[in-house]
$ cat final.cif   # mmCIF, C-alpha atoms
data_query
#
loop_
_atom_site.label_atom_id
_atom_site.label_comp_id
_atom_site.auth_asym_id
_atom_site.auth_seq_id
_atom_site.Cartn_x
_atom_site.Cartn_y
_atom_site.Cartn_z
CA MET S 1 70.31 131.09 85.24
CA GLU S 2 69.58 132.60 88.62
CA VAL S 3 66.67 132.69 91.01
CA LEU S 4 67.12 135.37 93.67
CA ALA S 5 64.05 134.35 95.66
CA LYS S 6 61.39 131.74 95.15
CA ARG S 7 58.30 130.15 96.56
CA SER S 8 58.41 126.48 95.67
CA ASP S 9 54.73 126.52 94.75
CA LEU S 10 55.11 129.45 92.34
CA VAL S 11 58.51 129.22 90.66
CA ASP S 12 59.41 126.34 88.37
CA THR S 13 63.21 125.96 88.27
CA ARG S 14 63.24 123.07 85.82
CA VAL S 15 65.23 123.96 82.72
CA LYS S 16 66.19 122.57 79.33
CA LEU S 17 69.47 123.43 77.67
CA ARG S 18 71.92 122.19 75.09
CA SER S 19 75.63 121.78 75.76
CA TYR S 20 78.30 120.17 73.58
CA TYR S 21 75.63 118.78 71.21
CA CYS S 22 73.77 117.13 74.09
CA ASP S 23 70.41 117.97 75.64
CA PHE S 24 69.98 118.34 79.39
CA GLU S 25 66.98 118.74 81.63
CA PHE S 26 67.09 119.27 85.39
CA ASP S 27 65.80 121.32 88.30
CA PHE S 28 68.58 123.83 88.93
CA GLY S 29 66.99 124.70 92.25
CA ARG S 30 67.98 121.23 93.48
CA VAL S 31 71.12 120.27 91.54
CA TYR S 32 74.38 121.96 90.53
CA TRP S 33 75.12 123.17 87.01
CA ASN S 34 77.84 125.60 86.01
CA PRO S 35 77.49 127.01 82.47
CA ARG S 36 81.01 128.45 82.73
CA LEU S 37 82.52 124.96 82.53
CA GLY S 38 81.45 124.26 78.95
CA THR S 39 84.97 124.71 77.59
CA GLU S 40 86.37 122.41 80.25
CA HIS S 41 83.79 119.75 79.47
CA GLU S 42 84.96 119.87 75.86
CA ARG S 43 88.64 119.66 76.85
CA ILE S 44 87.99 116.38 78.61
CA GLN S 45 86.03 115.00 75.65
CA LEU S 46 88.97 115.65 73.36
CA LYS S 47 91.21 113.54 75.60
CA LEU S 48 89.02 110.47 75.04
CA ARG S 49 89.73 108.33 72.01
CA LYS S 50 86.48 107.78 70.18
CA GLY S 51 85.00 104.35 70.69
CA VAL S 52 88.05 103.13 72.60
CA ASP S 53 88.53 104.66 76.04
CA VAL S 54 86.53 104.25 79.25
CA LEU S 55 85.43 107.06 81.57
CA TYR S 56 84.66 106.83 85.28
CA ASP S 57 82.85 109.96 86.51
CA VAL S 58 83.05 110.00 90.30
CA PHE S 59 80.99 113.17 90.92
CA ALA S 60 78.83 113.08 87.81
CA GLY S 61 76.05 115.51 88.69
CA VAL S 62 73.41 115.54 85.95
CA GLY S 63 75.94 114.30 83.38
CA PRO S 64 77.89 117.19 81.76
CA PHE S 65 81.02 115.02 81.44
CA ALA S 66 79.41 111.59 81.25
CA ILE S 67 76.77 112.09 78.59
CA PRO S 68 78.93 113.79 75.90
CA SER S 69 81.57 111.12 76.50
CA ALA S 70 79.03 108.49 75.55
CA LYS S 71 77.11 110.37 72.87
CA ARG S 72 79.91 112.23 71.11
CA ARG S 73 82.96 110.08 71.87
CA LYS S 74 81.16 106.70 71.91
CA CYS S 75 82.93 105.71 75.11
CA HIS S 76 81.69 103.38 77.83
CA VAL S 77 80.95 105.47 80.93
CA LEU S 78 80.39 104.59 84.57
CA ALA S 79 78.88 107.66 86.26
CA ASN S 80 78.16 108.21 89.94
CA ASP S 81 76.59 110.87 92.14
CA LEU S 82 75.61 110.73 95.81
CA ASN S 83 72.81 113.30 95.51
CA PRO S 84 69.56 111.42 94.74
CA GLU S 85 68.20 114.39 92.79
CA SER S 86 71.33 114.60 90.61
CA TYR S 87 71.20 110.84 90.12
CA LYS S 88 67.56 111.07 89.00
CA TRP S 89 68.37 113.71 86.39
CA LEU S 90 71.52 111.87 85.33
CA GLN S 91 69.40 108.85 84.48
CA HIS S 92 66.81 111.07 82.79
CA ASN S 93 69.43 112.78 80.64
CA CYS S 94 70.93 109.46 79.62
CA GLN S 95 67.53 108.46 78.27
CA LEU S 96 66.98 111.90 76.74
CA ASN S 97 70.22 111.52 74.75
CA LYS S 98 69.65 107.82 74.06
CA VAL S 99 72.90 106.71 75.71
CA GLN S 100 71.49 104.65 78.57
CA HIS S 101 73.04 101.54 77.00
CA MET S 102 76.49 103.18 77.17
CA VAL S 103 76.30 104.82 80.60
CA SER S 104 76.04 102.80 83.80
CA THR S 105 74.73 105.04 86.61
CA TYR S 106 75.28 104.77 90.36
CA ASN S 107 73.99 106.59 93.44
CA MET S 108 76.84 106.00 95.90
CA ASP S 109 79.38 107.70 98.11
CA ALA S 110 82.40 108.53 95.96
CA ARG S 111 84.83 106.52 98.06
CA ASP S 112 82.60 103.46 97.90
CA PHE S 113 82.18 103.92 94.15
CA ILE S 114 85.96 103.86 93.70
CA ALA S 115 86.52 100.96 96.09
CA THR S 116 83.81 98.73 94.63
CA VAL S 117 82.53 99.69 91.18
CA ILE S 118 85.72 101.09 89.65
CA ARG S 119 87.84 98.42 91.30
CA GLN S 120 85.71 95.54 90.03
CA HIS S 121 85.42 97.00 86.54
CA LEU S 122 89.20 97.35 86.28
CA ILE S 123 89.75 93.83 87.61
CA ASP S 124 87.27 92.43 85.09
CA ARG S 125 89.03 94.22 82.25
CA ILE S 126 92.41 92.90 83.37
CA ASN S 127 91.15 89.33 83.79
CA THR S 128 89.45 89.27 80.38
CA PHE S 129 92.26 91.00 78.49
CA ASP S 130 92.93 89.16 75.22
CA GLY S 131 95.60 91.42 73.77
CA THR S 132 93.32 93.33 71.41
CA GLU S 133 92.76 96.45 73.52
CA SER S 134 96.23 97.16 74.86
CA THR S 135 96.05 100.87 74.01
CA ARG S 136 92.72 101.52 75.73
CA GLN S 137 92.94 104.16 78.43
CA TYR S 138 90.83 104.42 81.56
CA HIS S 139 90.02 107.98 82.62
CA VAL S 140 88.70 109.10 86.00
CA VAL S 141 87.03 112.52 86.28
CA MET S 142 86.75 113.95 89.79
CA ASN S 143 84.96 117.29 89.55
CA LEU S 144 84.25 118.35 93.12
CA PRO S 145 86.90 121.02 93.58
CA SER S 146 86.31 121.60 97.27
CA LEU S 147 86.86 117.94 98.21
CA ALA S 148 87.97 115.79 95.26
CA ILE S 149 91.67 115.61 96.16
CA GLN S 150 90.78 114.13 99.55
CA PHE S 151 89.27 111.10 97.80
CA LEU S 152 92.41 110.22 95.82
CA ASP S 153 93.73 107.97 98.56
CA ALA S 154 90.88 105.57 97.76
CA PHE S 155 93.03 104.44 94.82
CA LYS S 156 95.90 103.36 97.09
CA GLY S 157 96.17 99.59 96.92
CA LEU S 158 92.98 99.42 94.86
CA LEU S 159 94.26 96.55 92.69
CA HIS S 160 96.64 94.90 95.15
CA SER S 161 94.73 91.61 94.93
CA VAL S 162 95.14 91.30 91.15
CA GLU S 163 97.30 88.37 90.07
CA PRO S 164 100.64 89.43 88.55
CA SER S 165 100.26 90.02 84.83
CA SER S 166 102.08 91.74 82.00
CA TYR S 167 98.91 93.76 81.36
CA LYS S 168 98.29 96.46 83.93
CA ILE S 169 95.90 99.38 83.96
CA ASN S 170 97.07 102.66 85.44
CA PRO S 171 94.09 105.04 85.32
CA ILE S 172 94.48 108.62 84.15
CA ILE S 173 93.06 110.97 86.76
CA HIS S 174 91.48 114.35 86.01
CA CYS S 175 91.09 115.93 89.44
CA TYR S 176 89.77 119.42 90.18
CA CYS S 177 90.63 121.63 93.13
CA PHE S 178 90.59 125.20 94.38
CA VAL S 179 93.72 127.24 95.00
CA LYS S 180 93.59 130.44 97.04
CA ASP S 181 95.94 133.40 96.62
CA VAL S 182 97.13 132.13 93.24
CA THR S 183 100.78 132.84 92.45
CA LYS S 184 103.16 131.85 89.69
CA ASN S 185 103.82 128.68 91.73
CA ALA S 186 100.18 127.55 91.68
CA GLU S 187 101.00 124.43 89.68
CA GLU S 188 103.48 123.34 92.33
CA VAL S 189 100.86 123.97 95.00
CA VAL S 190 98.38 121.70 93.20
CA LYS S 191 101.00 118.99 92.72
CA HIS S 192 101.94 119.15 96.40
CA MET S 193 98.29 118.89 97.47
CA VAL S 194 97.88 115.66 95.51
CA GLU S 195 101.18 114.15 96.61
CA GLU S 196 100.38 114.92 100.24
CA VAL S 197 97.13 112.94 100.10
CA LEU S 198 98.69 110.06 98.15
CA ASP S 199 101.89 110.16 100.21
CA HIS S 200 103.63 109.42 96.94
CA GLU S 201 105.49 111.41 94.29
CA LEU S 202 103.75 111.93 90.96
CA THR S 203 106.02 110.87 88.12
CA THR S 204 103.63 111.23 85.17
CA ILE S 205 101.77 114.54 85.10
CA PHE S 206 100.15 115.37 81.78
CA GLU S 207 98.98 118.87 82.64
CA ILE S 208 97.99 121.27 85.39
CA ILE S 209 95.76 124.07 84.14
CA ASN S 210 93.88 127.00 85.58
CA VAL S 211 90.28 126.31 84.61
CA ARG S 212 88.74 129.57 85.79
CA THR S 213 88.68 132.22 88.48
CA VAL S 214 85.80 131.60 90.89
CA ALA S 215 86.35 134.52 93.30
CA PRO S 216 88.98 137.12 94.12
CA ASN S 217 92.15 135.22 95.06
CA LYS S 218 90.52 131.85 94.39
CA ASP S 219 90.93 129.81 91.20
CA MET S 220 89.80 126.39 90.03
CA PHE S 221 92.53 124.08 88.72
CA ARG S 222 92.64 120.66 87.08
CA ILE S 223 95.54 118.29 87.41
CA THR S 224 95.72 115.38 84.97
CA PHE S 225 98.11 112.61 85.93
CA GLN S 226 98.60 108.87 85.75
CA MET S 227 98.06 107.03 89.01
CA PRO S 228 101.47 105.58 89.97
CA GLU S 229 101.60 101.84 89.28
CA HIS S 230 103.32 101.03 92.57
CA LEU S 231 100.63 102.88 94.49
CA ILE S 232 97.63 101.18 92.96
CA TYR S 233 99.00 97.61 92.86
CA THR S 234 100.68 97.48 96.28
CA LYS S 235 98.74 96.63 99.43
CA ILE S 236 98.53 99.61 101.76
CA THR S 237 98.73 98.90 105.47
CA ASN S 238 98.35 102.44 106.83
CA SER S 239 95.67 104.63 105.25
CA ASN S 240 95.38 108.38 105.17
CA LYS S 241 92.30 110.04 106.63
CA ARG S 242 89.17 108.77 104.94
CA LEU S 243 86.53 111.27 103.97
CA LYS S 244 83.02 110.56 102.82
CA CYS S 245 80.48 112.88 101.29
CA GLU S 246 77.62 113.57 103.64
#

$ encode --input "final.cif" --output "structure tokens"
Amino acid sequence: MEVLAKRSDLVDTRVKLRSYYCDFEFDFGRVYWNPRLGTEHERIQLKLRKGVDVLYDVFAGVGPFAIPSAKRRKCHVLANDLNPESYKWLQHNCQLNKVQHMVSTYNMDARDFIATVIRQHLIDRINTFDGTESTRQYHVVMNLPSLAIQFLDAFKGLLHSVEPSSYKINPIIHCYCFVKDVTKNAEEVVKHMVEEVLDHELTTIFEIINVRTVAPNKDMFRITFQMPEHLIYTKITNSNKRLKCE
């Protein structure tokens, strides 16, 4: 899909397509969609246990991660995007795929979404835990490769106010980033980038993979790791730089 030049009154850039057994409609002249990420969307779906896990989609776009997670994996999803146009089509696609009852949608800055919506949802799950869902996992997808890592510090001290309990939730983070001049040490570069923002060593890394090459000497990576328990449950007194999407 590509429009090299357009007059808004003559060219209709609204499209319909099918991806991972889901239908999507949107105006690709006003929102972002990358057809080359279909395999990666499926990889994330396969990490979700059907009907059990929860997904938080911080940069949801029109729903390529969120909607299959609800429709195909039957997971509860909380999906956010700051762009009003993306948010509009996210809601539309939820209705199109009949998953609006399983996907809660938000139009917020990513940092605020983490600090309020994700935080409160996790606290509610901890406070209402009855012992029957101890294996449920909480996944966070952060697909904004140019900036996503800079938002990870929003998780520092996120649950510091939670009363001590034997049941704790340590979210699994799927964070995307770009690496330039890729070498055989690219995985270490990605790990270092995350640890630098968190100011904390990662002890549980599930995988670091090269998703795709986006330009000469520039690749897109995903790191999947568990947010360190000490980091998320301890009150932080000095915060790293705080970035918001504009």

$ residues_around --input "final.cif" --residues "Glu207 (chain S)" --least-positions-apart "6" --cutoff "8 Å" --atoms "all atoms listed in the file" --output "CSV table (one decimal) with C-alpha atoms, in the coordinates of the input"
chain,number,residue,atom,x,y,z
S,222,ARG,CA,92.6,120.7,87.1
S,223,ILE,CA,95.5,118.3,87.4
S,224,THR,CA,95.7,115.4,85.0
S,225,PHE,CA,98.1,112.6,85.9

$ closest_atom_pairs --input "final.cif" --of "region 78-189 of chain S" --to "region 48-66 of chain S" --cutoff "6 Å" --atoms "only C-alpha atoms" --output "tab-separated table"
residue	atom	partner	partner_atom	distance
S:Leu78	CA	S:Tyr56	CA	4.9
S:Ala79	CA	S:Asp57	CA	4.6
S:Asn80	CA	S:Val58	CA	5.2
S:Asp81	CA	S:Phe59	CA	5.1
S:Ser86	CA	S:Gly61	CA	5.2
S:Trp89	CA	S:Val62	CA	5.4
S:Leu90	CA	S:Val62	CA	4.2
S:Ala110	CA	S:Val58	CA	5.9
S:Arg136	CA	S:Asp53	CA	5.2
S:Gln137	CA	S:Asp53	CA	5.0
S:Tyr138	CA	S:Val54	CA	4.9
S:His139	CA	S:Leu55	CA	4.8
S:Val140	CA	S:Tyr56	CA	4.7
S:Val141	CA	S:Asp57	CA	4.9
S:Met142	CA	S:Val58	CA	5.4
S:Asn143	CA	S:Phe59	CA	5.9

$ residues_around --input "final.cif" --residues "His230 (chain S)" --least-positions-apart "4" --cutoff "10 Å" --atoms "all atoms listed in the file" --output "compact mmCIF listing (two decimals) with C-alpha atoms, in the coordinates of the input"
# COMPACT_ATOMS: atom_id res chain seq x y z
CA LYS S 156 95.90 103.36 97.09
CA GLY S 157 96.17 99.59 96.92
CA HIS S 160 96.64 94.90 95.15
CA ASN S 170 97.07 102.66 85.44
CA HIS S 200 103.63 109.42 96.94
CA THR S 234 100.68 97.48 96.28
CA LYS S 235 98.74 96.63 99.43

$ closest_residue --input "final.cif" --among "S:Tyr87, S:Tyr32, S:Tyr20, S:Phe178" --to "Ala215 (chain S)" --atoms "all atoms listed in the file"
S:Phe178

$ residues_around --input "final.cif" --residues "Phe24 (chain S)" --least-positions-apart "3" --cutoff "10 Å" --atoms "only C-alpha atoms" --output "list of chain:residue names"
S:Val15, S:Lys16, S:Leu17, S:Arg18, S:Ser19, S:Tyr21, S:Val62, S:Gly63, S:Pro64, S:Ile67, S:Trp89, S:Leu90, S:His92, S:Asn93, S:Cys94, S:Leu96, S:Asn97

$ residues_near_point --input "final.cif" --point "(77.1, 111.3, 96.9)" --cutoff "7 Å" --atoms "all atoms listed in the file" --output "JSON, numbers by chain"
{"S": [81, 82, 83, 107, 108, 109, 110, 245]}

$ closest_residue --input "final.cif" --among "S:Pro171, S:Pro164, S:Pro228, S:Pro216" --to "Glu195 (chain S)" --atoms "all atoms listed in the file"
S:Pro228

$ atom_distance --input "final.cif" --atom1 "CA of Glu42 (chain S)" --atom2 "CA of Val179 (chain S)"
22.3 Å
